[in-house]
Structure formats: structure tokens, C-alpha cells
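Chemist: Quick one: the structure is below, and I'll ask about it shortly.
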Amino acid sequence: MGRIAGRFTRVEPRLRAGRLVLGLLSDLPRKNCWTIAEWAGEAAPHGMQHLLSRASWDADGVRDDVREYVVEHLHDEAAVLVVDETGDVKKGTRTVGVQRQYTGTAGRIENSQAAVYPVYAGIRGHAAVDRELHIPRSWTCDPDRCRAAGLGEDTAFATKPDLARTMIERFLDAGHHVGWVTGDEVYGGNPKLRTALQERGTGYVLAVACSAEVPTGAGKFRADALAAKVPKRAWQKLSAGRGAKGQRFYDWAVIDLAEPAPGRHQLLIRRNRSTGELAHYRCHSTTPASLATLVRVAGSRWRVEETFQSEKGLAGLDEHQVRRYPSWARWVTLAMPAHAFLAVVRADEHAHRPKALAEPLQLPHRTRAAPGTQPREEDPGGAPG
């Protein structure tokens, strides 16, 4: 909190932000302005709501401070930047960015909002270093709706890969170096993102659909068609990293691609040793990279899921009950240092007691609302909705 103190123009919001972050780190079964205010000894939630909506402080500056804190304490020359989105199920139509869409959180199409996060993943630990809320076309084509939700009338539609590219460039422009970026098919299937990474000299291992066409010396082929041509001797058993049940072993193969752009371009193929299920990755590196390196980067993608689980389970990332964009941005921005603090403390403890902390951050039991009841939604302008 001392690191971000300069982002607050007055002492009152700075102290209250500290209490909110401590509340996010507490063992409260449900974390929102009501419960955290009560936990902090405040008579009403209005102060916490004011902090999120109208108080004068620089949320983007805090975001930048969190990025510096994470890179400083979890620094790793071989770190990977993992990009992914996570969804929060919401009711109604007034919460910023909400619409019916598929969300992995629920595993189905739900009324939800989605945000994209880049996660810095190194050997010491992993934590989010940025955030962007995805605003669907159903919002950007309605200026009045955007204005009511605290968005600018000129808010333009941006795809999730567009948001990822913006945040990756912001990370690199801040003077940080990362050798590799990885993500799922949403990001691997976007040529603009791949081209932007190539132009920055940043390597990537990005998942693509089996139907994705890739260039070879003999013409373009679907990724799954190329996988079918891989001879048996070309597959190698390698671990994608340690999971909850030990090392995650798969069979891997790599095929060189005939891409005209500079650098080395390859198709990485992963085969499940039990089911035979395949996954495909477009890869780029400025210098030749070994198969083991590509596998390590591909395996780093699981770190983003662990980050989302611990951010939500331990730091209340998804428990915001606000409708407008400024309040959303401030809530998640304060959840980020809460989780980053836990990640750094765990990394430091792990350096002294590696055997005692071999597992990821453990999530507490999440209590649910009583049947037939709904949690209160907070209007960032004041009273609960």
C-alpha cells in the first residue's frame, strides 16, 4: 500500500483503500462494499462506494504500480506472459459490458461480463499485471447505454485479442522484457495479434483450432491434416509442467512452416497419451527454439487458470457488485495488488520451505447465499440497488 500511496490525492481515500484491500484479503465468506465496510468497523457502505465511484485517485496508476511490483518480486528471465479472459455471471442488463455469452466460469451461455488479463508467469509465481473489460458490440453501438455505464460515448468495439495486444504493448512499452506470450485459440486465431508480436520480436506459442490453415513448402494445410502426417518416430514424450496430480506428460511433435515473415515459424502438436486428443499451436521465435522450450511455454498457459482461481477465491476479484465502468475498474485494480501480495509472500516462503509449499495457493470454502435469496447489488452512485 505504501507503493501506491502517491496515486491518492487525499489521505481519506488512501486509508480506506487500504482497508478495502485488507478486506479483500480477509476470510469474509462474501466480499463487497457492505461486508467489507462492516468488517472494517464502518457504520455504512457509503464510504467504500464513494471510493469506487467518485473519490479522486488514479486507478490506472495503481495498475502500473502493481505491474512493477509483480515483475520486481517474481522476476524471471524465462517468464511467459499468458493472456486469457474470465467471465463473471451477472443478472439484469445495466451492469457494464454484460450480455448473454459463453463463459468458462459457468461452462455455458449466461448473462455475464468478460475481462481480459495478462498474467506474468515465472518460476517463482504468477499474477495479473493488467486488466481490460470487454465491451460487446451491443454496447458500443448504443452511446446512451455506454454513457449511463460510465463509458465514453466514443467507446469503440475491440475484440479480446485487440485488448490483449494493447496490454502486451503497454507491458513492453513500460520497459519490461518477456520472451514469450501464450494464449488459447481466441488469441492464436487472430492474425493481427500474431503480427504485432512478430514486429515486437516477441516469441509466441498460441493455440489454434484444428481447422486452422497453416503454410508449408507444399502449400496450405489444415493443422489436423498435418498432424495426421507426423511419423511415429517424430513424437516425443515431454512434461508440460507440474499439475495437481504430478507432471503432465503428453506426446509432442513440431513441424516447420513456410511463413514469409522473419523468424522461425512452427506448428506444435500435443497428443493426449490416454485419449489421443490433439491440440495445435502456432509458434514464432526470432531465434531457433527447442521443442522442450516450446512445450514449456505451452504448458505455462495453465498458470492463468490458477491465477483466476486464486484471485477470485482469495482476493474477491469476481465479487464486485457494481454496475458502472469506473467502479468495476477500481474494484479489480485493488483486487490485483491483494492477489499479487499473496503470490509474492508465497514465493518468498517457497524459497525457504520448498517442500512445504509445493501446491498452489489454497482456496477457502466459499459459502453460498441461502436458497431463494439474492446478494445485494450495489449502485456505485450510493444506495444498494
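Every chain in the C-alpha cells takes a letter, A first, then B, and so on in the order presented; its residues are numbered from 1, and the ligands are numbered from 1 following the presented order.
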Enumerate as JSON, numbers by chain all residues of segment 73-241 of chain A assigned to alpha helix (DSSP H) by DSSP on the backbone, naming them with the chain letters and numbers the document uses.
Modeler: {"A": [73, 137, 138, 139, 140, 143, 144, 145, 146, 147, 148, 160, 161, 162, 163, 164, 165, 166, 167, 168, 169, 170, 171, 172, 173, 185, 186, 187, 188, 191, 192, 193, 194, 195, 196, 197, 198, 199, 223, 224, 225, 226, 227, 228]}
Chemist: Using only C-alpha atoms, please write the residues we just selected to a file, as an mmCIF file, in the first residue's frame.
Modeler:
```cif
data_model
loop_
_atom_site.group_PDB
_atom_site.id
_atom_site.type_symbol
_atom_site.label_atom_id
_atom_site.label_comp_id
_atom_site.auth_asym_id
_atom_site.auth_seq_id
_atom_site.Cartn_x
_atom_site.Cartn_y
_atom_site.Cartn_z
ATOM 1 C CA HIS A 73 9.376 -9.635 -6.960
ATOM 2 C CA ARG A 137 -20.942 -4.502 -29.898
ATOM 3 C CA SER A 138 -24.369 -4.490 -28.266
ATOM 4 C CA TRP A 139 -22.938 -1.751 -26.036
ATOM 5 C CA THR A 140 -20.648 0.198 -28.363
ATOM 6 C CA PRO A 143 -23.902 5.657 -26.934
ATOM 7 C CA ASP A 144 -26.614 6.373 -24.354
ATOM 8 C CA ARG A 145 -26.116 2.984 -22.731
ATOM 9 C CA CYS A 146 -22.352 3.499 -22.664
ATOM 10 C CA ARG A 147 -22.719 6.938 -21.109
ATOM 11 C CA ALA A 148 -25.064 5.622 -18.405
ATOM 12 C CA LYS A 160 -10.460 -9.736 -26.917
ATOM 13 C CA PRO A 161 -7.240 -10.196 -28.954
ATOM 14 C CA ASP A 162 -7.249 -6.419 -29.550
ATOM 15 C CA LEU A 163 -7.396 -5.866 -25.790
ATOM 16 C CA ALA A 164 -4.639 -8.435 -25.253
ATOM 17 C CA ARG A 165 -2.431 -6.683 -27.822
ATOM 18 C CA THR A 166 -2.987 -3.313 -26.129
ATOM 19 C CA MET A 167 -1.935 -4.691 -22.743
ATOM 20 C CA ILE A 168 1.066 -6.615 -24.100
ATOM 21 C CA GLU A 169 2.311 -3.456 -25.808
ATOM 22 C CA ARG A 170 1.728 -1.490 -22.602
ATOM 23 C CA PHE A 171 3.836 -4.051 -20.731
ATOM 24 C CA LEU A 172 6.666 -3.872 -23.270
ATOM 25 C CA ASP A 173 6.492 -0.080 -23.590
ATOM 26 C CA GLU A 185 -7.481 -20.329 -29.631
ATOM 27 C CA VAL A 186 -9.227 -16.977 -29.191
ATOM 28 C CA TYR A 187 -5.813 -15.303 -29.374
ATOM 29 C CA GLY A 188 -3.934 -17.769 -31.584
ATOM 30 C CA PRO A 191 -3.510 -12.725 -37.296
ATOM 31 C CA LYS A 192 -3.250 -9.105 -36.065
ATOM 32 C CA LEU A 193 -2.081 -10.224 -32.637
ATOM 33 C CA ARG A 194 0.452 -12.663 -34.091
ATOM 34 C CA THR A 195 1.792 -9.998 -36.464
ATOM 35 C CA ALA A 196 2.088 -7.433 -33.665
ATOM 36 C CA LEU A 197 4.125 -9.879 -31.564
ATOM 37 C CA GLN A 198 6.387 -10.671 -34.507
ATOM 38 C CA GLU A 199 7.003 -6.966 -35.116
ATOM 39 C CA ALA A 223 -3.473 -28.212 -38.766
ATOM 40 C CA ASP A 224 -5.135 -31.582 -38.136
ATOM 41 C CA ALA A 225 -4.200 -32.789 -41.639
ATOM 42 C CA LEU A 226 -0.543 -32.039 -40.944
ATOM 43 C CA ALA A 227 -0.773 -33.775 -37.566
ATOM 44 C CA ALA A 228 -2.001 -36.925 -39.311
#
```
Chemist: So which bits of segment 6-93 of chain A end up strand (DSSP E) when you DSSP the backbone, as an NGL selection string?
Modeler: :A and (80-89)
Chemist: Can you spit out the residues from that selection as a CSV table (one decimal), in the first residue's frame, using N, CA, C and O atoms?
Modeler:
```csv
chain,number,residue,atom,x,y,z
A,80,VAL,N,6.9,-16.0,-18.9
A,80,VAL,CA,5.9,-16.0,-20.0
A,80,VAL,C,4.7,-15.1,-19.7
A,80,VAL,O,4.3,-15.1,-18.5
A,81,LEU,N,4.3,-14.4,-20.6
A,81,LEU,CA,3.1,-13.6,-20.5
A,81,LEU,C,1.9,-14.4,-21.0
A,81,LEU,O,1.8,-14.7,-22.2
A,82,VAL,N,0.9,-14.7,-20.2
A,82,VAL,CA,-0.2,-15.5,-20.5
A,82,VAL,C,-1.4,-14.6,-20.6
A,82,VAL,O,-1.7,-13.9,-19.7
A,83,VAL,N,-2.1,-14.6,-21.8
A,83,VAL,CA,-3.3,-13.8,-21.9
A,83,VAL,C,-4.6,-14.7,-22.0
A,83,VAL,O,-4.6,-15.8,-22.6
A,84,ASP,N,-5.6,-14.3,-21.3
A,84,ASP,CA,-6.8,-15.0,-21.3
A,84,ASP,C,-7.9,-14.1,-20.7
A,84,ASP,O,-7.7,-13.1,-20.1
A,85,GLU,N,-9.2,-14.6,-20.9
A,85,GLU,CA,-10.3,-13.8,-20.4
A,85,GLU,C,-11.0,-14.7,-19.3
A,85,GLU,O,-10.9,-15.9,-19.3
A,86,THR,N,-11.7,-14.0,-18.4
A,86,THR,CA,-12.5,-14.7,-17.5
A,86,THR,C,-13.9,-14.0,-17.4
A,86,THR,O,-13.9,-12.7,-17.5
A,87,GLY,N,-14.9,-14.7,-17.1
A,87,GLY,CA,-16.3,-14.1,-17.1
A,87,GLY,C,-16.9,-14.1,-15.7
A,87,GLY,O,-16.5,-15.0,-14.9
A,88,ASP,N,-17.7,-13.1,-15.4
A,88,ASP,CA,-18.5,-13.1,-14.2
A,88,ASP,C,-19.9,-13.1,-14.5
A,88,ASP,O,-20.4,-12.2,-15.3
A,89,VAL,N,-20.7,-14.0,-14.0
A,89,VAL,CA,-22.1,-14.1,-14.2
A,89,VAL,C,-22.8,-12.9,-13.5
A,89,VAL,O,-22.6,-12.7,-12.3
```
Chemist: Calculate how many Å separate atom CA of Tyr204 of chain A from atom CA of His126 of chain A, rounding to one decimal.
Modeler: 17.9 Å
Chemist: With distances taken over only C-alpha atoms, which of A:Ile123, A:Phe221, A:Ala174, A:His320 is nearest to Ala351 of chain A?
Modeler: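 Going through A:Ile123, A:Phe221, A:Ala174, A:His320 one by one, the smallest distance to Ala351 of chain A is for A:Ile123.
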Chemist: Using Å and a single decimal, report how far atom CA of Leu20 of chain A sits from atom CA of Arg67 of chain A.
Modeler: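 About the pair atom CA of Arg67 of chain A and atom CA of Leu20 of chain A: they are 19.6 Å apart.
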